[in-house]
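Containing TSV, C-alpha atoms: final29.tsv.
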```
chain	number	residue	atom	x	y	z
V	1	MET	CA	-169.31	-37.11	119.37
V	2	SER	CA	-168.46	-33.46	120.10
V	3	ASP	CA	-165.28	-31.83	118.92
V	4	PRO	CA	-162.44	-31.56	121.43
V	5	ILE	CA	-162.01	-28.26	123.20
V	6	PRO	CA	-159.25	-26.28	121.44
V	7	LEU	CA	-156.14	-25.40	123.39
V	8	PRO	CA	-155.07	-21.77	123.93
V	9	ALA	CA	-152.58	-20.40	121.42
V	10	THR	CA	-149.72	-20.28	123.94
V	11	LEU	CA	-150.23	-23.91	124.92
V	12	GLN	CA	-150.53	-24.96	121.29
V	13	ALA	CA	-147.20	-23.26	120.54
V	14	ALA	CA	-145.59	-24.95	123.53
V	15	SER	CA	-146.93	-28.34	122.53
V	16	THR	CA	-145.84	-28.04	118.93
V	17	THR	CA	-142.42	-26.83	119.96
V	18	GLY	CA	-142.03	-29.68	122.40
V	19	ALA	CA	-142.92	-32.19	119.73
V	20	GLY	CA	-140.37	-30.79	117.32
V	21	GLU	CA	-136.96	-29.29	117.94
V	22	PRO	CA	-135.56	-28.94	121.48
V	23	THR	CA	-136.19	-25.53	122.99
V	24	ALA	CA	-133.95	-23.14	124.87
V	25	ALA	CA	-136.23	-23.21	127.92
V	26	PRO	CA	-133.79	-25.17	130.12
V	27	ALA	CA	-131.01	-22.74	129.25
V	28	ARG	CA	-133.24	-19.76	130.02
V	29	GLN	CA	-134.34	-21.33	133.29
V	30	THR	CA	-130.72	-21.96	134.26
V	31	ARG	CA	-129.80	-18.38	133.41
V	32	HIS	CA	-132.76	-17.01	135.38
V	33	ALA	CA	-131.87	-19.25	138.32
V	34	ARG	CA	-128.31	-17.94	138.34
V	35	GLN	CA	-129.54	-14.35	138.22
V	36	ALA	CA	-131.93	-15.07	141.08
V	37	MET	CA	-129.09	-16.57	143.09
V	38	ARG	CA	-127.01	-13.42	142.56
V	39	ARG	CA	-129.89	-11.15	143.50
V	40	ARG	CA	-130.71	-13.12	146.60
V	41	GLY	CA	-127.67	-11.72	148.42
V	42	TRP	CA	-127.78	-8.50	150.39
V	43	PRO	CA	-126.78	-5.79	149.59
V	44	HIS	CA	-128.39	-6.19	146.18
V	45	ASP	CA	-125.47	-5.99	143.74
V	46	ASP	CA	-126.13	-8.31	140.74
V	47	GLY	CA	-122.69	-9.81	141.23
V	48	TYR	CA	-120.88	-6.45	141.19
V	49	ARG	CA	-117.45	-6.40	142.76
V	50	PRO	CA	-115.88	-2.94	143.29
V	51	GLY	CA	-112.32	-2.24	142.29
V	52	ARG	CA	-109.58	-1.46	144.74
V	53	PHE	CA	-109.67	2.28	144.09
V	54	THR	CA	-113.38	2.72	143.39
V	55	GLY	CA	-113.86	4.79	146.52
V	56	TRP	CA	-111.32	7.35	145.30
V	57	ILE	CA	-113.32	8.29	142.19
V	58	VAL	CA	-115.72	10.76	143.85
V	59	PRO	CA	-113.18	12.69	146.02
V	60	LEU	CA	-110.61	12.91	143.20
V	61	ALA	CA	-113.27	14.10	140.76
V	62	LEU	CA	-114.41	16.71	143.27
V	63	LEU	CA	-110.84	17.94	143.78
V	64	LEU	CA	-110.30	18.20	140.03
V	65	LEU	CA	-113.53	20.18	139.61
V	66	VAL	CA	-112.56	22.61	142.37
V	67	GLU	CA	-109.08	23.03	140.88
V	68	ALA	CA	-110.50	23.65	137.43
V	69	GLY	CA	-113.07	26.10	138.80
V	70	ALA	CA	-110.38	28.06	140.60
V	71	ARG	CA	-108.11	28.12	137.54
V	72	LEU	CA	-110.97	29.41	135.37
V	73	ASP	CA	-111.98	32.01	137.99
V	74	LEU	CA	-115.37	30.37	138.41
V	75	ILE	CA	-114.76	29.83	142.14
V	76	PRO	CA	-113.32	32.70	144.24
V	77	ALA	CA	-110.00	31.50	145.66
V	78	ARG	CA	-110.43	33.65	148.80
V	79	LEU	CA	-113.47	31.55	149.74
V	80	LEU	CA	-112.51	28.12	148.40
V	81	PRO	CA	-108.77	27.76	147.73
V	82	PRO	CA	-107.81	25.20	145.06
V	83	PRO	CA	-106.36	21.84	146.11
V	84	SER	CA	-102.91	22.90	144.86
V	85	GLU	CA	-102.89	25.73	147.40
V	86	LEU	CA	-103.98	23.33	150.16
V	87	ALA	CA	-101.13	21.02	149.21
V	88	HIS	CA	-98.70	23.95	149.42
V	89	THR	CA	-100.04	24.86	152.87
V	90	LEU	CA	-99.63	21.29	154.13
V	91	TRP	CA	-96.12	21.13	152.67
V	92	SER	CA	-95.17	24.37	154.42
V	93	LEU	CA	-96.44	23.04	157.75
V	94	ALA	CA	-94.51	19.82	157.24
V	95	MET	CA	-91.28	21.63	156.35
V	96	ARG	CA	-91.55	23.76	159.50
V	97	GLY	CA	-92.05	20.60	161.57
V	98	GLU	CA	-95.49	21.70	162.77
V	99	LEU	CA	-97.67	19.22	160.88
V	100	LEU	CA	-96.51	16.06	162.64
V	101	SER	CA	-96.63	17.85	165.99
V	102	HIS	CA	-100.28	18.82	165.50
V	103	ILE	CA	-101.25	15.38	164.18
V	104	GLY	CA	-99.43	13.60	167.01
V	105	ALA	CA	-101.15	15.72	169.67
V	106	SER	CA	-104.60	15.05	168.18
V	107	LEU	CA	-103.94	11.32	167.76
V	108	GLY	CA	-102.84	11.01	171.38
V	109	ARG	CA	-105.94	12.76	172.66
V	110	VAL	CA	-108.32	10.73	170.51
V	111	ALA	CA	-106.61	7.44	171.42
V	112	ALA	CA	-106.76	8.18	175.15
V	113	GLY	CA	-110.32	9.49	175.14
V	114	PHE	CA	-111.65	6.74	172.89
V	115	THR	CA	-110.01	4.01	174.97
V	116	ILE	CA	-111.35	5.36	178.27
V	117	GLY	CA	-114.85	6.04	176.93
V	118	SER	CA	-115.14	2.67	175.19
V	119	ALA	CA	-113.89	0.72	178.21
V	120	LEU	CA	-116.41	2.42	180.51
V	121	ALA	CA	-119.16	1.87	177.93
V	122	VAL	CA	-118.42	-1.87	177.74
V	123	VAL	CA	-118.44	-2.28	181.53
V	124	LEU	CA	-121.62	-0.27	182.10
V	125	GLY	CA	-123.30	-1.68	178.99
V	126	LEU	CA	-122.76	-5.23	180.25
V	127	LEU	CA	-124.07	-4.23	183.67
V	128	VAL	CA	-127.22	-2.61	182.27
V	129	GLY	CA	-127.72	-5.42	179.76
V	130	ILE	CA	-127.73	-8.24	182.30
V	131	SER	CA	-129.31	-6.50	185.30
V	132	ARG	CA	-132.79	-4.97	185.37
V	133	ARG	CA	-131.92	-3.15	188.60
V	134	ALA	CA	-128.92	-1.49	186.95
V	135	GLU	CA	-131.07	-0.63	183.92
V	136	ALA	CA	-133.74	1.01	186.08
V	137	LEU	CA	-131.09	2.90	188.05
V	138	LEU	CA	-128.72	4.08	185.27
V	139	GLU	CA	-130.62	4.15	181.99
V	140	PRO	CA	-132.67	7.35	182.61
V	141	SER	CA	-129.56	9.30	183.63
V	142	PHE	CA	-127.56	8.11	180.61
V	143	GLN	CA	-130.36	9.06	178.24
V	144	ALA	CA	-130.50	12.55	179.76
V	145	LEU	CA	-126.71	12.99	179.60
V	146	ARG	CA	-126.65	11.81	175.99
V	147	ALA	CA	-128.79	14.80	174.95
V	148	ILE	CA	-126.24	17.37	176.22
V	149	PRO	CA	-124.25	18.97	173.34
V	150	SER	CA	-120.47	18.69	173.36
V	151	LEU	CA	-119.89	22.45	173.70
V	152	ALA	CA	-122.05	22.54	176.83
V	153	TRP	CA	-119.49	20.39	178.66
V	154	ILE	CA	-116.57	22.75	178.02
V	155	PRO	CA	-117.24	25.42	180.71
V	156	LEU	CA	-117.89	22.77	183.35
V	157	LEU	CA	-114.77	20.78	182.48
V	158	LEU	CA	-112.69	23.96	182.57
V	159	LEU	CA	-113.98	24.74	186.06
V	160	TRP	CA	-113.42	21.23	187.34
V	161	LEU	CA	-110.24	20.08	185.59
V	162	GLY	CA	-108.36	23.22	184.52
V	163	ILE	CA	-106.91	23.86	181.07
V	164	ASP	CA	-104.36	21.06	180.65
V	165	GLU	CA	-104.84	17.76	178.78
V	166	THR	CA	-107.32	16.22	181.22
V	167	PRO	CA	-110.49	18.09	180.18
V	168	LYS	CA	-109.73	17.44	176.50
V	169	VAL	CA	-109.41	13.69	177.03
V	170	VAL	CA	-112.53	13.62	179.24
V	171	LEU	CA	-114.59	15.44	176.61
V	172	ILE	CA	-113.51	12.98	173.90
V	173	ALA	CA	-114.30	10.07	176.24
V	174	ILE	CA	-117.81	11.45	176.74
V	175	GLY	CA	-118.31	11.56	172.99
V	176	ALA	CA	-117.08	7.97	172.50
V	177	PHE	CA	-119.05	6.55	175.43
V	178	PHE	CA	-122.66	6.74	174.30
V	179	PRO	CA	-122.54	5.02	170.85
V	180	VAL	CA	-120.62	2.07	172.31
V	181	TYR	CA	-122.92	1.85	175.33
V	182	LEU	CA	-126.17	2.02	173.34
V	183	ASN	CA	-125.11	-0.52	170.72
V	184	LEU	CA	-123.79	-2.98	173.29
V	185	VAL	CA	-126.99	-2.83	175.33
V	186	ALA	CA	-129.04	-3.33	172.16
V	187	GLY	CA	-126.86	-6.29	171.18
V	188	ILE	CA	-127.25	-7.98	174.57
V	189	ARG	CA	-131.03	-7.52	174.47
V	190	ASP	CA	-131.16	-9.01	170.98
V	191	ILE	CA	-129.42	-12.25	171.99
V	192	ASP	CA	-131.54	-15.37	171.67
V	193	HIS	CA	-132.68	-16.37	175.16
V	194	LYS	CA	-132.15	-20.02	174.26
V	195	LEU	CA	-128.39	-19.41	174.20
V	196	ILE	CA	-128.52	-17.95	177.69
V	197	GLU	CA	-130.65	-20.85	178.91
V	198	VAL	CA	-128.14	-23.32	177.50
V	199	GLY	CA	-125.31	-21.50	179.25
V	200	THR	CA	-127.05	-21.34	182.62
V	201	SER	CA	-128.21	-24.96	182.41
V	202	SER	CA	-124.62	-25.96	181.63
V	203	GLY	CA	-123.51	-24.45	184.94
V	204	LEU	CA	-121.69	-21.39	183.62
V	205	SER	CA	-121.03	-18.64	186.11
V	206	THR	CA	-121.91	-15.02	185.38
V	207	SER	CA	-118.38	-14.16	184.25
V	208	GLU	CA	-118.22	-17.27	182.06
V	209	LEU	CA	-121.64	-16.47	180.61
V	210	ILE	CA	-120.43	-12.98	179.70
V	211	ARG	CA	-117.15	-14.23	178.25
V	212	HIS	CA	-118.48	-17.20	176.28
V	213	ILE	CA	-122.00	-16.15	175.25
V	214	LEU	CA	-122.92	-12.49	175.79
V	215	LEU	CA	-119.82	-10.80	174.36
V	216	PRO	CA	-119.36	-13.10	171.32
V	217	ALA	CA	-123.05	-12.89	170.42
V	218	SER	CA	-123.11	-9.09	170.71
V	219	LEU	CA	-119.81	-8.47	168.88
V	220	PRO	CA	-121.47	-7.16	165.67
V	221	TYR	CA	-123.35	-4.56	167.72
V	222	LEU	CA	-120.24	-3.74	169.73
V	223	PHE	CA	-118.14	-3.06	166.63
V	224	ALA	CA	-120.91	-0.91	165.18
V	225	GLY	CA	-120.84	1.10	168.41
V	226	LEU	CA	-117.04	1.31	168.39
V	227	ARG	CA	-117.00	2.72	164.87
V	228	GLY	CA	-119.70	5.23	165.78
V	229	GLY	CA	-117.85	6.16	168.96
V	230	LEU	CA	-114.60	6.63	167.03
V	231	SER	CA	-116.24	9.02	164.58
V	232	LEU	CA	-117.74	11.01	167.46
V	233	ALA	CA	-114.34	11.06	169.17
V	234	TRP	CA	-112.91	12.89	166.17
V	235	MET	CA	-115.86	15.28	166.19
V	236	PHE	CA	-115.45	16.00	169.90
V	237	LEU	CA	-111.72	16.51	169.33
V	238	VAL	CA	-112.38	19.84	167.62
V	239	ALA	CA	-114.44	21.04	170.58
V	240	ALA	CA	-111.82	19.66	172.99
V	241	GLU	CA	-108.95	21.48	171.30
V	242	LEU	CA	-110.78	24.76	171.65
V	243	ILE	CA	-109.99	24.48	175.39
V	244	ALA	CA	-106.82	26.60	175.50
V	245	ALA	CA	-104.93	24.29	173.14
V	246	THR	CA	-101.64	25.28	171.49
V	247	ARG	CA	-101.26	22.12	169.41
V	248	GLY	CA	-103.57	19.87	167.47
V	249	VAL	CA	-105.66	19.85	164.31
V	250	GLY	CA	-108.46	21.68	166.10
V	251	TYR	CA	-105.98	24.41	167.00
V	252	LEU	CA	-105.15	24.76	163.28
V	253	LEU	CA	-108.86	25.31	162.62
V	254	SER	CA	-109.04	28.02	165.24
V	255	ASP	CA	-105.80	29.62	164.07
V	256	GLY	CA	-106.99	29.68	160.46
V	257	ARG	CA	-110.26	31.31	161.48
V	258	GLU	CA	-108.56	33.99	163.56
V	259	SER	CA	-106.00	34.78	160.85
V	260	SER	CA	-108.62	34.70	158.04
V	261	ARG	CA	-106.84	31.88	156.19
V	262	PRO	CA	-109.34	29.57	154.50
V	263	ASP	CA	-106.47	27.44	153.15
V	264	LEU	CA	-105.40	26.60	156.71
V	265	VAL	CA	-108.99	25.85	157.76
V	266	LEU	CA	-109.57	23.55	154.77
V	267	ALA	CA	-106.18	21.89	155.28
V	268	ALA	CA	-107.15	21.09	158.89
V	269	ILE	CA	-110.52	19.72	157.73
V	270	LEU	CA	-108.73	17.55	155.17
V	271	ILE	CA	-106.38	16.21	157.85
V	272	LEU	CA	-109.34	15.37	160.09
V	273	ALA	CA	-111.07	13.55	157.23
V	274	LEU	CA	-107.97	11.50	156.41
V	275	LEU	CA	-107.24	10.63	160.03
V	276	GLY	CA	-110.86	9.65	160.62
V	277	LYS	CA	-110.90	7.46	157.51
V	278	LEU	CA	-107.62	5.75	158.36
V	279	SER	CA	-108.65	5.01	161.95
V	280	ASP	CA	-112.05	3.72	160.81
V	281	SER	CA	-110.39	1.48	158.22
V	282	LEU	CA	-108.13	0.04	160.92
V	283	LEU	CA	-111.10	-0.65	163.18
V	284	ARG	CA	-113.02	-2.16	160.27
V	285	ALA	CA	-110.14	-4.51	159.50
V	286	ILE	CA	-110.16	-5.66	163.12
V	287	GLU	CA	-113.93	-6.14	162.86
V	288	GLN	CA	-113.66	-8.27	159.73
V	289	LYS	CA	-110.97	-10.40	161.30
V	290	SER	CA	-112.95	-10.85	164.52
V	291	LEU	CA	-116.25	-11.56	162.75
V	292	GLY	CA	-114.96	-13.90	160.06
V	293	TRP	CA	-117.41	-16.55	161.26
V	294	ARG	CA	-120.32	-14.25	160.30
V	295	ASP	CA	-119.20	-13.97	156.68
V	296	ALA	CA	-118.57	-17.72	156.49
V	297	ARG	CA	-122.05	-18.44	157.84
V	298	ARG	CA	-123.60	-15.98	155.40
V	299	GLN	CA	-121.84	-17.58	152.44
V	300	SER	CA	-122.87	-21.07	153.53
V	301	SER	CA	-126.50	-19.99	153.90
V	302	GLN	CA	-126.46	-18.45	150.41
V	303	GLN	CA	-125.00	-21.64	148.96
V	304	LYS	CA	-127.73	-23.70	150.60
V	305	THR	CA	-130.47	-21.49	149.22
```
Taking this structure as input, can you express it in the form of structure tokens?
Amino acid sequence: MSDPIPLPATLQAASTTGAGEPTAAPARQTRHARQAMRRRGWPHDDGYRPGRFTGWIVPLALLLLVEAGARLDLIPARLLPPPSELAHTLWSLAMRGELLSHIGASLGRVAAGFTIGSALAVVLGLLVGISRRAEALLEPSFQALRAIPSLAWIPLLLLWLGIDETPKVVLIAIGAFFPVYLNLVAGIRDIDHKLIEVGTSSGLSTSELIRHILLPASLPYLFAGLRGGLSLAWMFLVAAELIAATRGVGYLLSDGRESSRPDLVLAAILILALLGKLSDSLLRAIEQKSLGWRDARRQSSQQKT
């Protein structure tokens, strides 16, 4: 009778270990399973949860570096004033009562232009999304208009609308229109056709179909477009306030350039950054509240897997 075939060394070790003391394999498998569960989520974070003020680390560190470089004469103050000088400039504007006036004028223009542009984008985006005739008629023109730079609109708006508030609001509305329109159309086209078939077979009218199926299903795309449109509204604000403006953050930029004051220019840029971040945070909070069902569904799917 021939000798039995010997087992490989790894299998022999496993068999001898199994016959003797209990191993830590179940514990390792449980640990690996937990790690896999954490890594299965997206974005990939390994269970990391940021602190409340984590986002302030980079800007505060940058401000401290610039301040230190200016104090040590490593950075010329005439080109890049230190943050302490910017704070003094903002304080002087506030004490003279000019800061709130400029911020209020810019906020009013952005709010009006963003509201008008977003409302038109929602109406026309729904029309193009549900009608192939409207898509064939309007889509080529919108794509051509989208390629026109913001500064190219200024001479035409001055000729048509004069130099008061109207051309400024219209220019901001143009900037806010296209991101909202494009994202909404993409969201409607990405809706599962089975949902639309269920709605039509249930006897829903066109308005009911839009209200109960199309808009709720495309809300993630719509909010992405709204946030993009809001950021472009702030960008177009600077171009809009170059149209014979006497108030506004964009006017501060122009005034600082003409008077060769880099502290005033950087102070205006800082105000724009803060206003843009605050408005985006407000819109993001509305998005999270409106799309709470998406996070709940994502958590339930992760628990199932």
Determine, using only C-alpha atoms, which residues of segment 75-106 of chain V have any atom at most 6 Å from an atom of segment 246-264 of chain V, and tabulate each with its shortest atom pair and distance in Å to one decimal place, rows ordered by chain and then rising number, as CSV.
```
residue,atom,partner,partner_atom,distance
V:Pro81,CA,V:Asp263,CA,5.9
V:Leu86,CA,V:Asp263,CA,5.7
V:His102,CA,V:Gly248,CA,4.0
V:Ala105,CA,V:Gly248,CA,5.3
V:Ser106,CA,V:Gly248,CA,5.0
```
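Across the model, the gap from atom CA of Asn183 of chain V to atom CA of Val122 of chain V is 9.8 Å.
Take atom CA of Ala233 of chain V and atom CA of Ala176 of chain V: the distance between them is 5.3 Å.
Using all atoms listed in the file, the shortest contact distance between Leu291 of chain V and any of V:Ala147, V:Val169, V:Leu120, V:Ala217 is found at V:Ala217.
Atom pair atom CA of Glu165 of chain V / atom CA of Ala244 of chain V has a distance of 9.6 Å (rounded to one decimal).
Taking all atoms listed in the file into account, Pro167 of chain V lies nearest to V:Phe236 out of the set V:Phe236, V:Trp91, V:Phe142, V:Phe53.
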Please produce, as a tab-separated table, a per-residue contact table for segment 71-158 of chain V versus segment 266-278 of chain V (criterion: any atom at most 9 Å away, all atoms listed in the file considered), showing the nearest atom pair and its distance in Å to one decimal, sorted by chain then residue number.
```
residue	atom	partner	partner_atom	distance
V:Leu80	CA	V:Leu266	CA	8.4
V:Pro81	CA	V:Leu266	CA	8.2
V:Leu86	CA	V:Ala267	CA	5.8
V:Ala87	CA	V:Ala267	CA	7.9
V:Thr89	CA	V:Ala267	CA	7.2
V:Leu90	CA	V:Ala267	CA	6.7
V:Ile103	CA	V:Ile271	CA	8.2
V:Leu107	CA	V:Leu275	CA	8.4
```
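Taking only C-alpha atoms into account, Leu226 of chain V lies nearest to V:Gly117 out of the set V:Gly117, V:Pro155, V:Gly97, V:Pro50.
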Exercise for the section: Fewer than 3 positions away in the same chain doesn't count, so skip those; otherwise give me all residues within 12 Å of His212 of chain V, counting only C-alpha atoms, as a VMD selection string. Expected result: chain V and resid 195 to 196 198 to 200 202 204 to 209 215 to 219
